[in-house]
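Colleague: Just so it is clear, I am handing over model29.cif, which has mmCIF, C-alpha atoms and all ligand atoms.
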```cif
data_structure
loop_
_atom_site.label_atom_id
_atom_site.label_comp_id
_atom_site.auth_asym_id
_atom_site.auth_seq_id
_atom_site.Cartn_x
_atom_site.Cartn_y
_atom_site.Cartn_z
CA MET W 567 135.43 112.69 103.00
CA GLU W 568 138.22 111.79 100.60
CA LEU W 569 137.82 112.69 96.94
CA GLN W 570 139.24 109.61 95.31
CA LEU W 571 137.02 108.83 92.31
CA LYS W 572 137.78 110.61 89.05
CA CYS W 573 136.46 110.63 85.47
CA ARG W 574 138.77 109.16 82.85
CA PRO W 575 140.72 111.46 80.49
CA ASN W 576 137.82 111.10 77.99
CA GLY W 577 135.44 112.44 80.68
CA LYS W 578 133.65 109.14 81.33
CA PHE W 579 133.11 107.25 84.57
CA ASN W 580 131.86 103.66 84.43
CA ILE W 581 130.01 101.98 87.27
CA MET W 582 129.13 98.28 87.39
CA CYS W 583 126.18 97.25 89.59
CA LEU W 584 125.89 93.73 90.97
CA GLY W 585 122.34 92.97 92.12
CA ASP W 586 121.24 90.52 94.82
CA LEU W 587 124.02 87.92 94.83
CA HIS W 588 122.59 86.20 97.95
CA GLU W 589 125.93 84.45 98.34
CA ASN W 590 126.20 82.21 101.39
CA VAL W 591 128.30 79.56 103.08
CA ASP W 592 127.31 76.60 100.92
CA THR W 593 130.36 75.81 98.80
CA ASP W 594 130.80 72.22 99.98
CA SER W 595 127.86 70.63 98.16
CA PRO W 596 128.38 70.17 94.39
CA LEU W 597 125.43 72.49 93.66
CA GLY W 598 126.63 75.16 96.11
CA LYS W 599 130.12 75.03 94.60
CA ALA W 600 128.72 75.27 91.04
CA ARG W 601 126.58 78.29 91.98
CA ALA W 602 129.54 80.09 93.54
CA GLU W 603 131.62 79.32 90.44
CA ASP W 604 128.92 80.61 88.07
CA MET W 605 128.73 83.86 90.05
CA ALA W 606 132.53 84.25 89.99
CA LYS W 607 132.57 83.52 86.25
CA LEU W 608 130.04 86.29 85.59
CA ILE W 609 131.77 88.86 87.81
CA ASN W 610 135.29 88.11 86.55
CA THR W 611 134.24 88.13 82.89
CA ALA W 612 132.20 91.32 83.30
CA LEU W 613 135.10 93.11 85.05
CA ASP W 614 137.59 92.09 82.36
CA ARG W 615 135.33 93.00 79.42
CA LEU W 616 133.70 96.17 80.78
CA ARG W 617 136.50 97.55 82.98
CA PRO W 618 134.46 99.65 85.44
CA ASP W 619 135.94 102.43 87.55
CA LEU W 620 133.68 101.49 90.47
CA VAL W 621 131.56 98.47 91.41
CA VAL W 622 128.39 98.78 93.51
CA LEU W 623 127.09 95.77 95.45
CA MET W 624 123.35 96.47 95.42
CA GLY W 625 122.38 94.74 98.71
CA ASP W 626 121.17 91.22 99.63
CA THR W 627 124.80 90.42 98.84
CA CYS W 628 125.97 87.89 101.46
CA THR W 629 122.87 86.54 103.17
CA ASP W 630 121.91 83.76 105.61
CA CYS W 631 125.43 83.70 107.02
CA THR W 632 125.70 86.52 109.55
CA ASN W 633 124.66 84.17 112.38
CA ASN W 634 127.67 81.92 111.65
CA GLY W 635 130.06 84.40 113.26
CA PRO W 636 132.42 87.08 111.93
CA GLU W 637 135.04 84.64 110.58
CA VAL W 638 132.57 82.74 108.42
CA PHE W 639 130.91 85.95 107.26
CA ARG W 640 134.30 87.39 106.36
CA ASP W 641 135.07 84.32 104.21
CA VAL W 642 131.86 84.84 102.19
CA VAL W 643 132.45 88.60 101.76
CA THR W 644 136.08 87.90 100.78
CA ARG W 645 134.92 85.44 98.11
CA VAL W 646 132.41 87.94 96.66
CA THR W 647 134.80 90.90 96.65
CA GLN W 648 137.91 88.99 95.51
CA PRO W 649 137.42 89.81 91.78
CA MET W 650 137.46 93.56 92.54
CA VAL W 651 140.31 93.31 95.05
CA ALA W 652 142.45 91.29 92.60
CA ARG W 653 142.03 94.01 89.95
CA GLY W 654 142.35 96.98 92.31
CA ILE W 655 138.82 98.22 91.48
CA PRO W 656 137.17 100.21 94.30
CA PHE W 657 133.69 99.18 95.35
CA ALA W 658 130.72 100.53 97.28
CA PHE W 659 128.07 98.53 99.08
CA ILE W 660 124.51 99.23 100.18
CA MET W 661 122.37 97.40 102.68
CA GLY W 662 119.59 95.19 101.32
CA ASN W 663 116.63 94.07 103.41
CA HIS W 664 118.33 90.74 104.14
CA GLU W 665 121.43 92.43 105.57
CA HIS W 666 119.09 93.59 108.36
CA ASP W 667 117.52 90.17 109.02
CA ASP W 668 119.70 89.10 111.95
CA HIS W 669 120.63 92.53 113.31
CA HIS W 670 124.36 92.17 112.70
CA GLU W 671 124.76 95.48 110.88
CA GLU W 672 127.85 96.46 112.91
CA MET W 673 129.67 93.25 112.01
CA ILE W 674 128.64 93.61 108.36
CA VAL W 675 130.00 97.17 108.18
CA LYS W 676 133.27 96.23 109.97
CA THR W 677 133.80 93.28 107.65
CA TYR W 678 133.30 95.27 104.44
CA GLU W 679 135.41 98.16 105.77
CA SER W 680 138.35 95.79 106.22
CA ILE W 681 138.37 94.74 102.54
CA PRO W 682 140.84 96.74 100.37
CA GLY W 683 139.07 99.13 97.98
CA CYS W 684 135.82 99.32 99.98
CA LEU W 685 134.54 102.92 100.08
CA ILE W 686 131.63 102.62 102.52
CA PHE W 687 131.04 104.88 105.52
CA ASN W 688 128.11 105.92 107.64
CA ASP W 689 127.73 109.66 107.09
CA ASP W 690 125.22 110.27 109.89
CA PRO W 691 124.75 107.43 112.40
CA SER W 692 121.90 109.37 114.06
CA ILE W 693 119.48 108.83 111.16
CA THR W 694 117.48 105.72 110.22
CA GLY W 695 119.34 102.89 108.53
CA CYS W 696 122.95 102.01 108.17
CA LEU W 697 125.37 103.20 105.48
CA ASN W 698 123.68 106.34 104.20
CA TYR W 699 126.57 108.07 102.42
CA TYR W 700 127.78 109.70 99.24
CA LEU W 701 130.90 109.67 97.08
CA ILE W 702 131.99 112.49 94.83
CA VAL W 703 133.43 111.77 91.39
CA GLN W 704 135.88 114.46 90.32
CA ARG W 705 136.27 115.83 86.83
CA SER W 706 139.07 114.34 84.75
CA ASP W 707 141.29 117.34 85.51
CA ALA W 708 140.69 116.64 89.24
CA GLU W 709 139.95 120.31 89.85
CA SER W 710 136.25 120.21 90.67
CA PRO W 711 133.43 117.72 91.31
CA ALA W 712 131.69 116.26 88.25
CA PHE W 713 129.09 113.96 89.86
CA ASN W 714 127.83 112.77 93.18
CA LEU W 715 126.85 109.18 93.96
CA TRP W 716 124.26 108.64 96.70
CA PHE W 717 123.98 105.38 98.64
CA LEU W 718 120.84 104.94 100.76
CA ASP W 719 119.66 102.23 103.10
CA SER W 720 116.05 101.31 102.23
CA ASN W 721 115.79 99.24 105.46
CA ASN W 722 114.00 95.90 105.92
CA LEU W 723 110.33 95.03 106.43
CA CYS W 724 107.56 97.28 107.67
CA GLU W 725 106.49 96.39 111.21
CA ASP W 726 102.83 96.66 110.20
CA GLU W 727 102.09 94.57 107.11
CA ALA W 728 98.71 96.31 106.75
CA ILE W 729 100.67 99.46 105.85
CA SER W 730 103.36 97.85 103.70
CA VAL W 731 105.32 94.61 103.32
CA TYR W 732 108.65 96.42 102.86
CA ASP W 733 110.03 99.39 104.72
CA TRP W 734 111.07 102.60 102.94
CA VAL W 735 113.62 105.38 103.04
CA HIS W 736 112.45 107.34 106.09
CA GLU W 737 111.73 111.05 106.37
CA ASP W 738 114.92 111.70 108.42
CA GLN W 739 117.00 110.05 105.67
CA ILE W 740 115.29 112.25 103.08
CA ALA W 741 116.05 115.32 105.23
CA TRP W 742 119.73 114.21 105.42
CA TYR W 743 119.81 113.84 101.62
CA GLU W 744 118.31 117.32 101.13
CA ARG W 745 120.77 118.86 103.63
CA LYS W 746 123.80 117.26 101.98
CA ALA W 747 122.54 118.04 98.47
CA ALA W 748 122.29 121.74 99.47
CA GLU W 749 125.92 121.64 100.71
CA LEU W 750 127.04 120.06 97.45
CA LYS W 751 125.05 122.63 95.45
CA ALA W 752 126.91 125.42 97.26
CA LEU W 753 130.21 123.65 96.51
CA ASN W 754 129.16 123.45 92.84
CA GLY W 755 128.67 127.20 92.37
CA GLY W 756 124.95 127.18 93.24
CA LYS W 757 123.93 124.49 90.72
CA PRO W 758 122.74 121.02 91.82
CA LEU W 759 125.62 118.55 91.43
CA PRO W 760 124.40 115.91 88.93
CA ALA W 761 123.91 112.66 90.82
CA VAL W 762 123.04 108.99 90.58
CA LEU W 763 121.43 107.28 93.54
CA PHE W 764 121.80 103.62 94.50
CA GLN W 765 119.45 101.82 96.89
CA HIS W 766 118.12 98.33 97.31
CA ILE W 767 114.31 98.63 97.42
CA PRO W 768 112.76 100.59 94.53
CA VAL W 769 110.42 103.56 94.96
CA PRO W 770 106.65 103.20 94.27
CA GLU W 771 106.90 105.60 91.31
CA GLU W 772 108.10 102.70 89.13
CA TYR W 773 104.38 101.88 88.86
CA ASN W 774 103.93 105.26 87.10
CA ALA W 775 105.67 103.67 84.09
CA MET W 776 103.13 100.82 84.07
CA ARG W 777 99.40 100.50 83.38
CA PRO W 778 96.79 97.78 84.00
CA MET W 779 96.91 95.14 81.26
CA LYS W 780 94.24 94.61 78.60
CA PRO W 781 92.87 91.02 78.40
CA TRP W 782 94.99 90.07 75.37
CA GLU W 783 98.15 91.28 77.11
CA LEU W 784 98.04 88.56 79.77
CA TYR W 785 101.13 86.79 78.42
CA GLN W 786 103.31 89.86 78.92
CA SER W 787 101.78 91.16 82.16
CA VAL W 788 103.02 90.91 85.74
CA LYS W 789 100.99 90.83 88.92
CA GLY W 790 101.43 93.94 91.05
CA HIS W 791 103.07 93.59 94.45
CA ALA W 792 101.05 93.74 97.73
CA HIS W 793 98.89 96.89 97.60
CA TRP W 794 99.03 96.72 93.74
CA SER W 795 98.25 92.98 93.63
CA THR W 796 94.60 93.29 92.56
CA CYS W 797 95.84 94.17 89.10
CA ARG W 798 98.20 92.84 86.42
CA TYR W 799 100.45 95.38 84.74
CA VAL W 800 102.33 95.99 81.52
CA ALA W 801 104.75 98.79 80.61
CA LYS W 802 103.16 102.04 79.42
CA GLU W 803 103.88 102.63 75.75
CA GLY W 804 107.33 104.13 75.26
CA MET W 805 108.09 104.41 78.97
CA MET W 806 110.09 101.27 79.66
CA ARG W 807 113.07 99.52 78.12
CA GLY W 808 114.25 96.03 79.10
CA TYR W 809 112.52 93.24 80.95
CA LEU W 810 109.59 93.57 83.37
CA GLY W 811 109.57 90.10 84.93
CA GLU W 812 107.66 90.77 88.17
CA GLY W 813 105.64 93.52 89.85
CA PRO W 814 108.18 95.87 91.50
CA CYS W 815 108.31 95.08 95.25
CA ALA W 816 108.24 98.72 96.32
CA PRO W 817 106.94 99.91 99.70
CA CYS W 818 103.18 100.57 99.71
CA ARG W 819 103.65 103.70 101.83
CA ASN W 820 105.17 106.56 99.89
CA SER W 821 107.56 108.55 102.09
CA GLY W 822 107.99 111.26 99.45
CA GLN W 823 111.51 110.28 98.40
CA PHE W 824 110.87 110.64 94.66
CA GLU W 825 109.20 114.04 95.14
CA SER W 826 112.22 115.10 97.17
CA TRP W 827 114.52 114.17 94.24
CA LYS W 828 112.39 116.29 91.94
CA ARG W 829 112.48 119.26 94.33
CA THR W 830 116.22 118.98 94.87
CA GLY W 831 116.95 118.62 91.17
CA ASP W 832 120.23 116.69 91.31
CA ILE W 833 119.18 113.06 90.64
CA ARG W 834 119.62 112.05 87.02
CA ALA W 835 119.16 108.32 87.65
CA ALA W 836 118.26 105.98 90.50
CA ILE W 837 119.39 102.35 90.41
CA PHE W 838 117.72 99.61 92.45
CA GLY W 839 118.10 95.89 93.24
CA HIS W 840 115.68 93.69 95.24
CA ASP W 841 113.56 92.40 92.33
CA HIS W 842 115.57 89.44 91.06
CA LEU W 843 113.93 89.25 87.63
CA ASN W 844 113.50 92.88 86.58
CA ASP W 845 116.16 94.56 84.47
CA PHE W 846 114.10 97.38 82.95
CA THR W 847 114.80 101.08 82.88
CA CYS W 848 112.02 103.65 82.85
CA THR W 849 111.95 107.43 82.94
CA VAL W 850 109.38 109.15 85.15
CA ASP W 851 109.25 112.97 85.37
CA GLY W 852 112.71 113.15 83.81
CA ILE W 853 114.38 110.76 86.28
CA THR W 854 115.67 107.46 84.91
CA MET W 855 115.13 104.46 87.15
CA GLY W 856 116.97 101.21 86.46
CA GLN W 857 116.53 97.78 87.98
CA CYS W 858 119.41 95.35 88.50
CA LYS W 859 118.33 91.76 88.41
CA THR W 860 120.40 89.23 90.30
CA ALA W 861 124.02 88.76 89.22
CA GLY W 862 124.10 85.47 91.13
CA PHE W 863 122.69 81.96 90.93
CA ARG W 864 121.46 81.40 94.49
CA CYS W 865 118.07 83.14 94.43
CA TYR W 866 115.05 82.87 92.14
CA THR W 867 116.00 83.92 88.66
CA ASP W 868 115.20 83.10 85.05
CA GLY W 869 117.65 80.72 83.47
CA CYS W 870 120.94 82.18 82.31
CA GLN W 871 119.73 85.78 82.51
CA SER W 872 121.80 86.71 85.58
CA SER W 873 123.44 89.96 84.62
CA VAL W 874 125.34 93.09 85.58
CA ARG W 875 124.20 96.67 84.94
CA MET W 876 126.62 99.29 83.68
CA VAL W 877 125.98 102.97 84.39
CA THR W 878 128.12 105.41 82.40
CA LEU W 879 128.50 109.05 83.35
CA ASP W 880 130.14 111.63 81.12
CA GLU W 881 131.40 114.98 82.42
CA ASN W 882 130.85 116.41 78.93
CA ARG W 883 127.15 115.46 79.02
CA PRO W 884 126.29 115.54 82.74
CA ASP W 885 122.52 115.37 82.20
CA LYS W 886 122.65 112.14 80.21
CA VAL W 887 123.18 108.89 82.10
CA GLU W 888 123.66 105.81 79.93
CA THR W 889 122.91 102.39 81.30
CA GLU W 890 122.95 98.88 79.85
CA ILE W 891 122.45 95.30 81.02
CA TYR W 892 125.01 92.58 80.17
CA ARG W 893 123.79 89.02 80.55
CA PHE W 894 125.64 85.83 81.52
CA LYS W 895 124.76 83.81 78.43
CA HIS W 896 123.43 86.29 75.88
CA ASP W 897 126.19 88.90 76.15
CA PHE W 898 129.16 87.02 77.61
CA GLY W 899 128.47 83.57 76.09
CA LEU W 900 129.08 81.85 79.43
CA LYS W 901 127.89 78.34 80.27
CA SER W 902 126.29 77.60 83.61
CA GLN W 903 127.39 74.66 85.75
CA SER W 904 124.65 75.12 88.33
CA LEU W 905 121.51 75.31 86.16
CA GLY W 906 119.85 72.22 84.71
CA PRO W 907 119.37 71.71 80.95
CA ILE W 908 115.82 73.17 80.88
CA GLN W 909 116.78 76.26 82.92
CA ARG W 910 119.78 76.81 80.65
CA ARG W 911 117.50 76.98 77.60
CA ILE W 912 114.86 79.36 78.98
CA ASN W 913 115.60 82.91 77.98
CA ASP W 914 113.15 84.53 80.32
CA LYS W 915 109.69 83.98 81.73
CA GLN W 916 108.00 86.19 79.15
CA SER W 917 109.52 84.61 76.08
CA PHE W 918 108.85 81.17 77.55
CA VAL W 919 105.15 81.94 78.18
CA LEU W 920 104.88 83.59 74.78
CA ASN W 921 106.41 80.60 73.01
CA VAL W 922 104.04 78.22 74.77
CA SER W 923 101.02 80.43 73.94
CA VAL W 924 102.00 80.77 70.27
CA ARG W 925 102.52 77.02 69.87
CA ALA W 926 99.24 76.20 71.65
CA ALA W 927 97.24 78.70 69.54
CA ALA W 928 98.87 77.46 66.32
CA ALA W 929 98.17 73.80 67.19
CA LEU W 930 94.52 74.61 67.91
CA ALA W 931 94.20 76.55 64.63
CA ALA W 932 95.85 73.71 62.69
CA VAL W 933 93.30 71.23 64.03
CA THR W 934 90.34 73.57 63.44
CA PHE W 935 91.20 75.48 60.25
CA GLY W 936 94.23 73.82 58.70
CA ALA W 937 97.94 74.58 58.35
CA ALA W 938 97.59 77.96 56.57
CA ALA W 939 95.55 79.44 59.43
CA ALA W 940 98.08 78.11 61.96
CA ALA W 941 100.94 79.80 60.12
CA GLN W 942 98.97 83.07 60.03
CA ILE W 943 98.30 82.97 63.80
CA LYS W 944 101.95 82.22 64.53
CA LYS W 945 103.01 85.19 62.44
CA ARG W 946 100.46 87.59 63.99
CA ILE W 947 101.19 86.64 67.63
CA SER W 948 104.95 86.70 67.15
CA GLU W 949 104.74 90.24 65.79
CA LYS W 950 102.82 91.54 68.84
FE FE Q 1 117.14 89.74 97.13
FE FE Q 2 115.79 92.38 98.78
#
```
Please render this file's structure as structure tokens.

Modeller:
Amino acid sequence: MELQLKCRPNGKFNIMCLGDLHENVDTDSPLGKARAEDMAKLINTALDRLRPDLVVLMGDTCTDCTNNGPEVFRDVVTRVTQPMVARGIPFAFIMGNHEHDDHHEEMIVKTYESIPGCLIFNDDPSITGCLNYYLIVQRSDAESPAFNLWFLDSNNLCEDEAISVYDWVHEDQIAWYERKAAELKALNGGKPLPAVLFQHIPVPEEYNAMRPMKPWELYQSVKGHAHWSTCRYVAKEGMMRGYLGEGPCAPCRNSGQFESWKRTGDIRAAIFGHDHLNDFTCTVDGITMGQCKTAGFRCYTDGCQSSVRMVTLDENRPDKVETEIYRFKHDFGLKSQSLGPIQRRINDKQSFVLNVSVRAAAALAAVTFGAAAAAQIKKRISEK
């Protein structure tokens, strides 16, 4: 494997993650064209302002177009990767569940491999999934490794929905990770090489940062996914930062991946896509987990909140991974061509529901108790 990624002279290495673009062939209709332009606007602006050293496409990237043949698929991938190619920024790619939908994995890999700056490879074709690999980031003096970046395929759907809706990272993939991590540890003088892991479907342990809601927390709760769906959840106090917009769609069967990270001791952060609304980070047992919401405009999303996630590593502080979300409208001040006027005004589902609840409660109080009581209710609920 080539060692081609390197920390900057100040010791930092910046990674930009682009979640669930779901880009496809529709650029002929006015709406399709506007959506593609909004996506390009976000990616181009983010690259120019944040200047990453590496971009990671987090899966579900070019979907519903693999059955149109390699030429058409190549056009879509070329459109998505053009902003990185034009700036000479290398990029990695992981498989999302939708990349597996039509069983064209070989064509997908060949297409990405042919794009300049693409760093993907399949480290061990004998194990489950496609594109399980790792990339080493060298120290700024280029003399030794500073970090390792893992890229795992979290596969597609589970064949038996009674067990789980989504598939998981399988035991043979976990064994591959442990084997390679041991090799890297030996290369790093017997200490685990600090690492960040990227995969599409999150691990079930994200629910460890959440708890069942109390009745008055309904407005800020989310319904759990599948196996967790009998309950509505909120973030545990002090354990989550950012926006929890939906119950994490993790596999219901736990293959032990998170426990393996803890045993191996190298993973400082794990970054996921798949959930188009979530952009939270949480820390469970010392491992930071960060969600990337969609950076596109084709799939379900919440207004102008499409965003990119930056992950910053620092060779001078290898245990501390910094990560931030940068949003289309809020942080870059961009205007959407593809969203209607109402969608453009909604900040996110939570603030929308909260605003409606506050106004409804205040109106009811005004009718029942007068204007002073309404103002008091508004103040109390807004503070919550
Ligand atoms: Fe997706
Ligand atoms: Fe997905």

Colleague: Compute the set of protein, DNA and RNA residues whose minimum atom distance to ligand FE 2 (chain Q) is at most 9 Å, using all atoms listed in the file, and state it as an MDAnalysis selection string.

Modeller: chainID W and resid 586 625:626 662:665 722 766:767 815 839:842

Colleague: Can you tell me how far CA of Ile833 in chain W sits from CA of Thr860 in chain W, in Å to one decimal?

Modeller: 23.9 Å

Colleague: Ranking W:Lys607, W:Lys746, W:Arg777, W:Arg864 by minimum distance to ligand FE 1 (chain Q) and counting all atoms listed in the file, which one comes first?

Modeller: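 Residue with the minimum atom-to-atom distance to ligand FE 1 (chain Q): W:Arg864.
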
Colleague: For a test of reading the model, state the distance in Å between CA of Ile853 in chain W and CA of Asp707 in chain W, rounded to one decimal.

Modeller: 27.7 Å

Colleague: So what do you get for CA of Gly869 in chain W versus CA of Lys901 in chain W, distance-wise?

Modeller: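 The value is 11.0 Å.
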
Colleague: Between W:Arg819, W:Lys828, W:Arg653, W:Arg893, which is the closest to Pro618 in chain W once you count all atoms listed in the file?

Modeller: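 The shortest atom-to-atom distance to Pro618 in chain W comes from W:Arg653.
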
Colleague: Select from range 785-875 of chain W every residue with an atom at most 12 Å from any atom of range 903-907 of chain W, then for each give the shortest pair of atoms and their distance in Å to one decimal, using only C-alpha atoms, rows by chain and rising number, as JSON lines.

Modeller:
```
{"residue": "W:Gly862", "atom": "CA", "partner": "W:Ser904", "partner_atom": "CA", "distance": 10.7}
{"residue": "W:Phe863", "atom": "CA", "partner": "W:Ser904", "partner_atom": "CA", "distance": 7.6}
{"residue": "W:Arg864", "atom": "CA", "partner": "W:Ser904", "partner_atom": "CA", "distance": 9.4}
{"residue": "W:Cys865", "atom": "CA", "partner": "W:Leu905", "partner_atom": "CA", "distance": 11.9}
{"residue": "W:Tyr866", "atom": "CA", "partner": "W:Leu905", "partner_atom": "CA", "distance": 11.6}
{"residue": "W:Thr867", "atom": "CA", "partner": "W:Leu905", "partner_atom": "CA", "distance": 10.5}
{"residue": "W:Asp868", "atom": "CA", "partner": "W:Leu905", "partner_atom": "CA", "distance": 10.1}
{"residue": "W:Gly869", "atom": "CA", "partner": "W:Leu905", "partner_atom": "CA", "distance": 7.2}
{"residue": "W:Cys870", "atom": "CA", "partner": "W:Leu905", "partner_atom": "CA", "distance": 7.9}
{"residue": "W:Gln871", "atom": "CA", "partner": "W:Leu905", "partner_atom": "CA", "distance": 11.2}
{"residue": "W:Ser872", "atom": "CA", "partner": "W:Leu905", "partner_atom": "CA", "distance": 11.4}
```

Colleague: Point out the residue among W:Cys628, W:Val643, W:Ile655, W:Ala861 with the least atom-to-atom distance to Ser873 in chain W, counting only C-alpha atoms.

Modeller: W:Ala861

Colleague: I need the residue nearest ligand FE 1 (chain Q) from this list: W:Glu727, W:Glu603, W:Thr847, W:Lys859. Use only C-alpha atoms and all ligand atoms for the distance.

Modeller: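 Among W:Glu727, W:Glu603, W:Thr847, W:Lys859, it is W:Lys859 that comes nearest to ligand FE 1 (chain Q).
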
Colleague: Residues within 9 Å of (131.9, 83.6, 85.4), file coordinates, counting only C-alpha atoms: what are they? Give the list as a ChimeraX atom specification.

Modeller: /W:603-612,894,898,900-902

Colleague: When you count all atoms listed in the file, which of these residues is closest to ligand FE 1 (chain Q): W:Arg807, W:His588, W:His896, W:Arg875?

Modeller: W:His588

Colleague: Skipping near chain neighbours, those fewer than 6 positions away, what residues fall within 6 Å of Asp719 in chain W using only C-alpha atoms, listed as a list in words?

Modeller: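 My reading of the contact set: Met661, Gly695 and Asn698 of chain W.
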
Colleague: Taking 3 positions as the minimum chain separation for residues in the same chain, which residues sit within 6 Å of Val622 in chain W when counting all atoms listed in the file? Answer as an MDAnalysis selection string.

Modeller: chainID W and resid 583 657:659

Colleague: Deliver the residues from the most recent selection as a file, using C-alpha atoms, as a PDB file, in the frame of the given file.

Modeller:
```
ATOM      1  CA  CYS W 583     126.180  97.250  89.590  1.00  0.00           C
ATOM      2  CA  PHE W 657     133.690  99.180  95.350  1.00  0.00           C
ATOM      3  CA  ALA W 658     130.720 100.530  97.280  1.00  0.00           C
ATOM      4  CA  PHE W 659     128.070  98.530  99.080  1.00  0.00           C
TER       5      PHE W 659
END
```

Colleague: Name the closest residue to ligand FE 1 (chain Q) among the candidates W:Ile581, W:Ile729, W:Cys848, W:Met624; distances are taken between atoms, counting all atoms listed in the file.

Modeller: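 Of W:Ile581, W:Ile729, W:Cys848, W:Met624, the one nearest ligand FE 1 (chain Q), counting all atoms listed in the file, is W:Met624.
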
Colleague: Give me the residues near Thr889 in chain W as JSON, numbers by chain, where near means some atom within 9 Å (using all atoms listed in the file) and where sequence neighbours in that chain fewer than 5 positions away do not count.

Modeller: {"W": [847, 856, 875, 876, 877, 878, 879]}

Colleague: Because the input lacks atoms here, generate N, CA and C atoms for range 717-728 of chain W and report them as a short mmCIF file (atom, residue, chain, number, x, y, z; two decimals), in the coordinates of the input.

Modeller:
```cif
data_model
loop_
_atom_site.label_atom_id
_atom_site.label_comp_id
_atom_site.auth_asym_id
_atom_site.auth_seq_id
_atom_site.Cartn_x
_atom_site.Cartn_y
_atom_site.Cartn_z
N PHE W 717 124.21 106.77 98.24
CA PHE W 717 123.98 105.38 98.64
C PHE W 717 123.05 105.42 99.86
N LEU W 718 121.86 104.85 99.71
CA LEU W 718 120.84 104.94 100.76
C LEU W 718 120.44 103.56 101.25
N ASP W 719 120.16 103.48 102.53
CA ASP W 719 119.66 102.23 103.10
C ASP W 719 118.13 102.27 103.06
N SER W 720 117.52 101.33 102.32
CA SER W 720 116.05 101.31 102.23
C SER W 720 115.44 100.39 103.30
N ASN W 721 116.26 99.96 104.26
CA ASN W 721 115.79 99.24 105.46
C ASN W 721 115.21 97.86 105.14
N ASN W 722 114.40 97.31 106.08
CA ASN W 722 114.00 95.90 105.92
C ASN W 722 112.49 95.79 105.66
N LEU W 723 111.77 95.20 106.59
CA LEU W 723 110.33 95.03 106.43
C LEU W 723 109.60 96.08 107.26
N CYS W 724 108.38 96.38 106.86
CA CYS W 724 107.56 97.28 107.67
C CYS W 724 107.02 96.48 108.86
N GLU W 725 106.98 97.12 110.03
CA GLU W 725 106.49 96.39 111.21
C GLU W 725 105.00 96.08 111.10
N ASP W 726 104.27 96.88 110.36
CA ASP W 726 102.83 96.66 110.20
C ASP W 726 102.53 96.31 108.74
N GLU W 727 102.29 95.01 108.49
CA GLU W 727 102.09 94.57 107.11
C GLU W 727 100.84 95.18 106.47
N ALA W 728 99.90 95.66 107.31
CA ALA W 728 98.71 96.31 106.75
C ALA W 728 99.10 97.61 106.06
#
```
